[in-house]
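Visitor: Starting off with a structure, shown below.
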Amino acid sequence: MKNLLITALLFISASLWAQSVTSPSGRIQVDFHLSDEGNPSYSVLFDNKEVIKPSPMGFRLKQGIDLTYGFKIIETKTRSVSETWEPVWGEVKEITDNHNELRIHLQQYASDSKMDIVFRVFDDGVGFRYEFEPNQKLAYFQVTDEATSFCLTGDHKAFWIPGNDDSNEYYYSTTKISGIDTRLCDGKGIGTHKIIDKHCIQSPVMLKTDDNIYINIFEAALSDYPAMLLDVNVNNYTLKAHLAGSATDVKAFMQTPCKTPWRTILISDNAADILASKTILNLNEPCKIENTDFIKPQKMVGVWWEMHVPNKSSWNYADKFNIKLADTDWTTLTPNGRHGANTANVKRYIDFAAENGIDGVLVEGWNVGWEDWAGNWKEEVFDFVTPYPDFNVEELSSYAKSKGVNLIMHHETSASATNYERRLDSAIGFMKKHGYNSVKTGYVGWIIPRGETHDGQWMVQHYERVIKKMAENGIMIDEHESVRPTGQHRTYPNLMACEAARGNEYNAWSIGNPPEHETILPFTRLMGGPMDYTPGIFKIKMANYQAGNTCQVHSTIAKQLALYVTMYSPLQMAADLPENYNLYKDAFQFIKDVAVDWDTTKIIEAEPGDYITIARKAKGTENWFIGAITDENKRTVEFYLDFLDPDKTYLATIYADGKDADWITNPESYSISTKKVTSGSKLKIKLAAGGGCAVSIYPIK
């Protein structure tokens, strides 16, 4: 690690009420203000133009203390940091952390309470948070409201989903800020759907000004605190922090010393810079896992998609309900004949993985309890150690090992976090006994403890406890139905991926995800970490499984291939059925070839809601992979390969939409071609409506 740390202390008299700090390049400036009444606020400038107007800061506490006014500055400190660090896995081999920091020590006249506000300013954005040292006046305090606001300078275009502290599984709306009304989304979520208010949206939110400045508002390093949603004032274009709910009227129970997550504002006049930003990662703490050898990026197939498409398989073993876990003899139940997680079927997936160089096989529905798991707010649903009668765990573990394939555990908690925590040690023991080194968790349903929410402080603490426990036992984790990530995979890189958004599965049984969905997710949900989006669906239309079924993946096959590059994850699923891949072996070759860990990433072009083109170089190789996707509009991508080694000649294999491809009328049309290329070559590829292209580039030896 290269490390250059320059620290300077600047002591300021209490009479100075305004302070400024700029980014290393000078393009971004943060001004901190303290009014005559002692109200803290901040503003942000980009290229000397205001992008965040003076915006309130602080908290309101249940104890009757209002930490939004009455402060004085007792000291300020500044420092500059320039260092590089290497992630365990990621989009790039090395990350630069270059920022200037301003720390402001505040003291409130009335209560004698002390609070620090810390700003870090990078060349592509700003992070700020509140910190509380051990304090007799505030040894314990209860936050009922956070006053942090983002006062915008105009009626910007916004890419948003409704505020819901139990689910992020919505497709995005694109409106002006003045047009935000979450009632447009009512009824379009899942069972834990509970839109908070017509003017409350989820973070992150992506914004674009009329003069083409891109602004992304989010948070980093969420820990021991509720997730931040945003209340929108559609009249004055202000976004205000709205903390996810809990079982009480208190949003966060705090004990000093403590700190909040960073509130982040990314800013650029080039949308590609937003995708390339590493500010959120840099605001997280360094890796806390001493030995990371067990952490291996990988691809997987799984007994999963066959439960989503019609007329195939089920998670449950028998069609019987109102079952009590402890009182049921599962061997006496009559099988429904559709249970997907049976020994013979899982062996079929293991064979397919072994034959195609796929690392792992995920198996859902292997354990007892699925007959009566969802919607009943029930405590004792799963024990995570008892397989169904037709799932021979010993035989399958041995078989997978003999084939060089990893079985991936599935723990659906049915949102009973208390039950999961009680049983976690025995579940981990079961995994280690049978050779599982990774797990996919799920939290479908209303949270137990009852009254808590998926994104509230209690559950944020729960997710972190589980991640740490898995790390202690050498287990990687993929979280579903969890709070959206905020860069914690730097600190705990065994957190490989999360869902926390509307994934590909919605295309199998609902109105689906519009073609623009995958062009927005990298600017929103993926800002905090990789998503388990489950790409790679080749049989696009559900009518292939059920006559008359109008559901479909809103994509072409070529776009499904491109998603392996544009939707970054170190845990990528080849989500379709083995028999479907066998029908398109030439296209499946790209999924076999594409990497999941990278040395270099180049964002060639990007525009939220329209298109994305990304090139990545595989870790430890000279192999490049390119993905380009579009929304519902056809377009042509054109770019030079100037990122290639100028001394090498390469063979490019281009997986493109067919001439007659269209995501509605002909989604399975594609073409494959090859050509020799160099760093001076230019590619020009047509993308169909809802389409894309994928390119693999290997040096010719």
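The chains in the structure tokens are called A, B, ... from first to last as shown; in each chain the residues are counted from 1, and the ligands are counted from 1 in the order shown.
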Residues near stretch 596-611 of chain A, anyone? I mean within 9 Å using only C-alpha atoms, not counting same-chain ones fewer than 2 positions away, as a count of residues only.

Guide: 53

Visitor: Determine which residues of stretch 214-462 of chain A receive a DSSP assignment of alpha helix (DSSP H), computed from the backbone, and state them as a ChimeraX atom specification.

Guide: /A:271-276,279-282,305-308,343-355,393-402,417-433,457-462

Visitor: Let's see if you can do this: from backbone DSSP, list all strand (DSSP E) residues in stretch 70-318 of chain A, as a PyMOL selection string.

Guide: chain A and resi 71-85+95-108+114-122+125-132+140-146+149-152+157-160+173-176+200-202+205-208+214-220+228-233+238-243+252-255+258-259+262-268+298-303

Visitor: I'd like the neighbourhood of A:Ala341 as an mmCIF file with N, CA and C atoms, in the first residue's frame, where a residue qualifies if any of its atoms comes within 9 Å (using only C-alpha atoms), though same-chain residues fewer than 5 positions away should be ignored.

Guide:
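Result file follows (part.cif):
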```
data_model
loop_
_atom_site.group_PDB
_atom_site.id
_atom_site.type_symbol
_atom_site.label_atom_id
_atom_site.label_comp_id
_atom_site.auth_asym_id
_atom_site.auth_seq_id
_atom_site.Cartn_x
_atom_site.Cartn_y
_atom_site.Cartn_z
ATOM 1 N N VAL A 303 -30.950 -24.137 -8.567
ATOM 2 C CA VAL A 303 -32.357 -24.519 -8.507
ATOM 3 C C VAL A 303 -33.090 -23.293 -7.975
ATOM 4 N N SER A 313 -41.400 -25.853 -11.126
ATOM 5 C CA SER A 313 -41.066 -26.427 -9.813
ATOM 6 C C SER A 313 -41.577 -25.553 -8.683
ATOM 7 N N SER A 314 -41.499 -26.101 -7.459
ATOM 8 C CA SER A 314 -41.905 -25.359 -6.270
ATOM 9 C C SER A 314 -40.825 -25.475 -5.206
ATOM 10 N N TRP A 315 -40.831 -24.516 -4.280
ATOM 11 C CA TRP A 315 -39.931 -24.584 -3.134
ATOM 12 C C TRP A 315 -40.421 -25.654 -2.141
ATOM 13 N N ASN A 316 -41.726 -25.757 -1.993
ATOM 14 C CA ASN A 316 -42.267 -26.657 -0.971
ATOM 15 C C ASN A 316 -42.349 -28.105 -1.481
ATOM 16 N N TYR A 317 -42.277 -29.011 -0.546
ATOM 17 C CA TYR A 317 -42.260 -30.454 -0.819
ATOM 18 C C TYR A 317 -43.670 -31.018 -0.934
ATOM 19 N N VAL A 346 -30.766 -31.784 -8.375
ATOM 20 C CA VAL A 346 -29.577 -31.039 -7.962
ATOM 21 C C VAL A 346 -28.326 -31.639 -8.598
ATOM 22 N N VAL A 363 -29.019 -23.957 -4.184
ATOM 23 C CA VAL A 363 -30.220 -24.794 -4.089
ATOM 24 C C VAL A 363 -31.194 -24.143 -3.113
ATOM 25 N N GLU A 364 -32.329 -23.712 -3.626
ATOM 26 C CA GLU A 364 -33.386 -23.173 -2.776
ATOM 27 C C GLU A 364 -34.464 -24.230 -2.578
ATOM 28 N N GLY A 365 -35.121 -24.172 -1.409
ATOM 29 C CA GLY A 365 -36.200 -25.105 -1.105
ATOM 30 C C GLY A 365 -35.725 -26.463 -0.619
ATOM 31 N N TRP A 366 -34.489 -26.550 -0.151
ATOM 32 C CA TRP A 366 -33.940 -27.847 0.286
ATOM 33 C C TRP A 366 -34.401 -28.233 1.688
ATOM 34 N N ASN A 367 -34.784 -27.240 2.494
ATOM 35 C CA ASN A 367 -35.039 -27.472 3.917
ATOM 36 C C ASN A 367 -36.519 -27.364 4.253
ATOM 37 N N TYR A 388 -35.540 -31.770 3.376
ATOM 38 C CA TYR A 388 -36.714 -32.545 2.992
ATOM 39 C C TYR A 388 -36.318 -34.000 2.721
ATOM 40 N N ASP A 390 -36.554 -35.858 0.215
ATOM 41 C CA ASP A 390 -36.000 -36.175 -1.109
ATOM 42 C C ASP A 390 -34.699 -35.432 -1.398
ATOM 43 N N PHE A 391 -34.127 -34.780 -0.372
ATOM 44 C CA PHE A 391 -32.864 -34.056 -0.530
ATOM 45 C C PHE A 391 -31.823 -34.723 0.360
#
```

Visitor: I want to know what sits within 9 Å of A:Ala247, based on only C-alpha atoms, with residues of the same chain fewer than 4 positions away left out; could you give that as a ChimeraX atom specification?

Guide: /A:251,449-453

Visitor: To one decimal place in Å, what is the distance between atom CA of A:Tyr420 and atom CA of A:Asp249?

Guide: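 Taking atom CA of A:Tyr420 as the start and atom CA of A:Asp249 as the end point, the length is 25.6 Å.
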
Visitor: Between A:Ile626, A:Val466, A:Leu243, A:Met531, which one has atoms that come closest to A:Arg502, using only C-alpha atoms?

Guide: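 The answer is A:Met531, which sits nearest to A:Arg502.
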
Visitor: Could you please determine the separation between atom CA of A:Gly627 and atom CA of A:Lys559 in Å, to one decimal place?

Guide: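 Atom-to-atom, atom CA of A:Gly627 and atom CA of A:Lys559 are spaced 8.1 Å apart.
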
Visitor: Just to confirm, what's the straight-line distance from atom CA of A:Asp181 to atom CA of A:Ala158 in Å (one decimal)?

Guide: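 That distance, rounded to one decimal, is 11.7 Å.
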
Visitor: Show me, as number ranges by chain, the residues that have an atom within 9 Å of stretch 137-143 of chain A when counting only C-alpha atoms, minus same-chain residues fewer than 5 positions from it.

Guide: A: 59-63, 111-114, 132, 250-257

Visitor: Report as a Markdown table: every residue of stretch 225-333 of chain A with an atom at most 9 Å from stretch 541-557 of chain A, its closest pair of atoms, and their distance in Å to one decimal, counting only C-alpha atoms, with rows sorted by chain and ascending residue number.

Guide:
```
| residue | atom | partner | partner_atom | distance |
| --- | --- | --- | --- | --- |
| A:Val309 | CA | A:Met542 | CA | 6.7 |
| A:Pro310 | CA | A:Tyr545 | CA | 5.9 |
| A:Asn311 | CA | A:Tyr545 | CA | 6.4 |
| A:Lys312 | CA | A:Tyr545 | CA | 7.9 |
```

Visitor: Store the residues picked out above, limited to N, CA, C and O atoms, as a CSV table (one decimal), in the first residue's frame.

Guide:
```csv
chain,number,residue,atom,x,y,z
A,309,VAL,N,-40.5,-19.5,-13.1
A,309,VAL,CA,-41.2,-19.6,-14.4
A,309,VAL,C,-42.5,-20.5,-14.1
A,309,VAL,O,-42.5,-21.3,-13.2
A,310,PRO,N,-43.5,-20.4,-15.0
A,310,PRO,CA,-44.7,-21.2,-14.8
A,310,PRO,C,-44.5,-22.6,-15.1
A,310,PRO,O,-43.7,-23.0,-15.9
A,311,ASN,N,-45.3,-23.5,-14.4
A,311,ASN,CA,-45.4,-24.9,-14.7
A,311,ASN,C,-44.1,-25.7,-14.6
A,311,ASN,O,-43.9,-26.7,-15.3
A,312,LYS,N,-43.3,-25.3,-13.6
A,312,LYS,CA,-42.0,-26.0,-13.5
A,312,LYS,C,-41.9,-26.6,-12.1
A,312,LYS,O,-42.3,-27.7,-11.8
```

Visitor: Measuring between only C-alpha atoms, which one of A:Met228, A:Val118, A:Met57, A:Ile537 shows the shortest distance to A:Phe71?

Guide: A:Met57

Visitor: Show me, as a ChimeraX atom specification, the residues that have an atom within 9 Å of stretch 230-232 of chain A when counting only C-alpha atoms, minus same-chain residues fewer than 6 positions from it.

Guide: /A:149,163,177-178,180,197,199-205,238-243

Visitor: Suppose we keep N, CA and C atoms; can you now write the selection as a PDB file, in the first residue's frame?

Guide:
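File written: result_26.pdb
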```pdb
ATOM      1  N   SER A 149     -30.533  18.131   5.393  1.00  0.00           N
ATOM      2  CA  SER A 149     -31.287  18.419   4.180  1.00  0.00           C
ATOM      3  C   SER A 149     -30.335  18.673   3.015  1.00  0.00           C
ATOM      4  N   GLY A 163     -40.408   5.795  -1.181  1.00  0.00           N
ATOM      5  CA  GLY A 163     -39.868   5.512   0.138  1.00  0.00           C
ATOM      6  C   GLY A 163     -40.645   4.399   0.816  1.00  0.00           C
ATOM      7  N   ILE A 177     -38.377  16.921 -10.016  1.00  0.00           N
ATOM      8  CA  ILE A 177     -38.595  16.856  -8.567  1.00  0.00           C
ATOM      9  C   ILE A 177     -40.019  17.296  -8.235  1.00  0.00           C
ATOM     10  N   SER A 178     -40.495  18.309  -8.926  1.00  0.00           N
ATOM     11  CA  SER A 178     -41.849  18.806  -8.668  1.00  0.00           C
ATOM     12  C   SER A 178     -42.913  17.776  -9.016  1.00  0.00           C
ATOM     13  N   ILE A 180     -42.644  14.449  -8.383  1.00  0.00           N
ATOM     14  CA  ILE A 180     -42.560  13.234  -7.569  1.00  0.00           C
ATOM     15  C   ILE A 180     -43.857  13.027  -6.803  1.00  0.00           C
ATOM     16  N   ASP A 197     -45.097   7.941   2.265  1.00  0.00           N
ATOM     17  CA  ASP A 197     -45.785   9.210   2.024  1.00  0.00           C
ATOM     18  C   ASP A 197     -45.681   9.518   0.536  1.00  0.00           C
ATOM     19  N   HIS A 199     -44.649  11.954  -0.909  1.00  0.00           N
ATOM     20  CA  HIS A 199     -43.458  12.711  -1.262  1.00  0.00           C
ATOM     21  C   HIS A 199     -42.223  12.204  -0.524  1.00  0.00           C
ATOM     22  N   CYS A 200     -42.207  10.920  -0.206  1.00  0.00           N
ATOM     23  CA  CYS A 200     -41.024  10.301   0.402  1.00  0.00           C
ATOM     24  C   CYS A 200     -40.456   9.288  -0.583  1.00  0.00           C
ATOM     25  N   ILE A 201     -39.145   9.391  -0.861  1.00  0.00           N
ATOM     26  CA  ILE A 201     -38.500   8.489  -1.803  1.00  0.00           C
ATOM     27  C   ILE A 201     -37.313   7.806  -1.138  1.00  0.00           C
ATOM     28  N   GLN A 202     -36.828   6.761  -1.785  1.00  0.00           N
ATOM     29  CA  GLN A 202     -35.682   6.018  -1.265  1.00  0.00           C
ATOM     30  C   GLN A 202     -34.390   6.706  -1.693  1.00  0.00           C
ATOM     31  N   SER A 203     -33.358   6.502  -0.928  1.00  0.00           N
ATOM     32  CA  SER A 203     -32.028   6.872  -1.398  1.00  0.00           C
ATOM     33  C   SER A 203     -31.302   5.586  -1.773  1.00  0.00           C
ATOM     34  N   PRO A 204     -30.391   5.632  -2.779  1.00  0.00           N
ATOM     35  CA  PRO A 204     -29.914   6.836  -3.456  1.00  0.00           C
ATOM     36  C   PRO A 204     -30.893   7.344  -4.503  1.00  0.00           C
ATOM     37  N   VAL A 205     -30.806   8.640  -4.746  1.00  0.00           N
ATOM     38  CA  VAL A 205     -31.569   9.253  -5.822  1.00  0.00           C
ATOM     39  C   VAL A 205     -30.569   9.869  -6.796  1.00  0.00           C
ATOM     40  N   THR A 238     -36.309  20.692  -2.060  1.00  0.00           N
ATOM     41  CA  THR A 238     -35.456  20.288  -0.941  1.00  0.00           C
ATOM     42  C   THR A 238     -35.721  18.829  -0.596  1.00  0.00           C
ATOM     43  N   LEU A 239     -34.638  18.090  -0.377  1.00  0.00           N
ATOM     44  CA  LEU A 239     -34.714  16.719   0.100  1.00  0.00           C
ATOM     45  C   LEU A 239     -34.240  16.707   1.546  1.00  0.00           C
ATOM     46  N   LYS A 240     -35.007  16.055   2.416  1.00  0.00           N
ATOM     47  CA  LYS A 240     -34.656  16.008   3.834  1.00  0.00           C
ATOM     48  C   LYS A 240     -34.553  14.567   4.296  1.00  0.00           C
ATOM     49  N   ALA A 241     -33.573  14.293   5.140  1.00  0.00           N
ATOM     50  CA  ALA A 241     -33.381  12.941   5.660  1.00  0.00           C
ATOM     51  C   ALA A 241     -34.642  12.456   6.360  1.00  0.00           C
ATOM     52  N   HIS A 242     -35.049  11.240   6.027  1.00  0.00           N
ATOM     53  CA  HIS A 242     -36.165  10.562   6.680  1.00  0.00           C
ATOM     54  C   HIS A 242     -35.636   9.202   7.117  1.00  0.00           C
ATOM     55  N   LEU A 243     -35.499   8.985   8.408  1.00  0.00           N
ATOM     56  CA  LEU A 243     -34.898   7.758   8.908  1.00  0.00           C
ATOM     57  C   LEU A 243     -35.913   6.628   8.916  1.00  0.00           C
TER      58      LEU A 243
END
```

Visitor: Name the residues in contact with A:Asp36 at a cut-off of 12 Å, using only C-alpha atoms, excluding same-chain residues fewer than 5 positions from it; report them as a list of chain:residue names.

Guide: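 After dropping sequence-adjacent residues, the list is A:Ser15, A:Leu16, A:Trp17, A:Ala18, A:Ser41, A:Tyr69, A:Gly70, A:Phe71, A:Lys72, A:Ile73.
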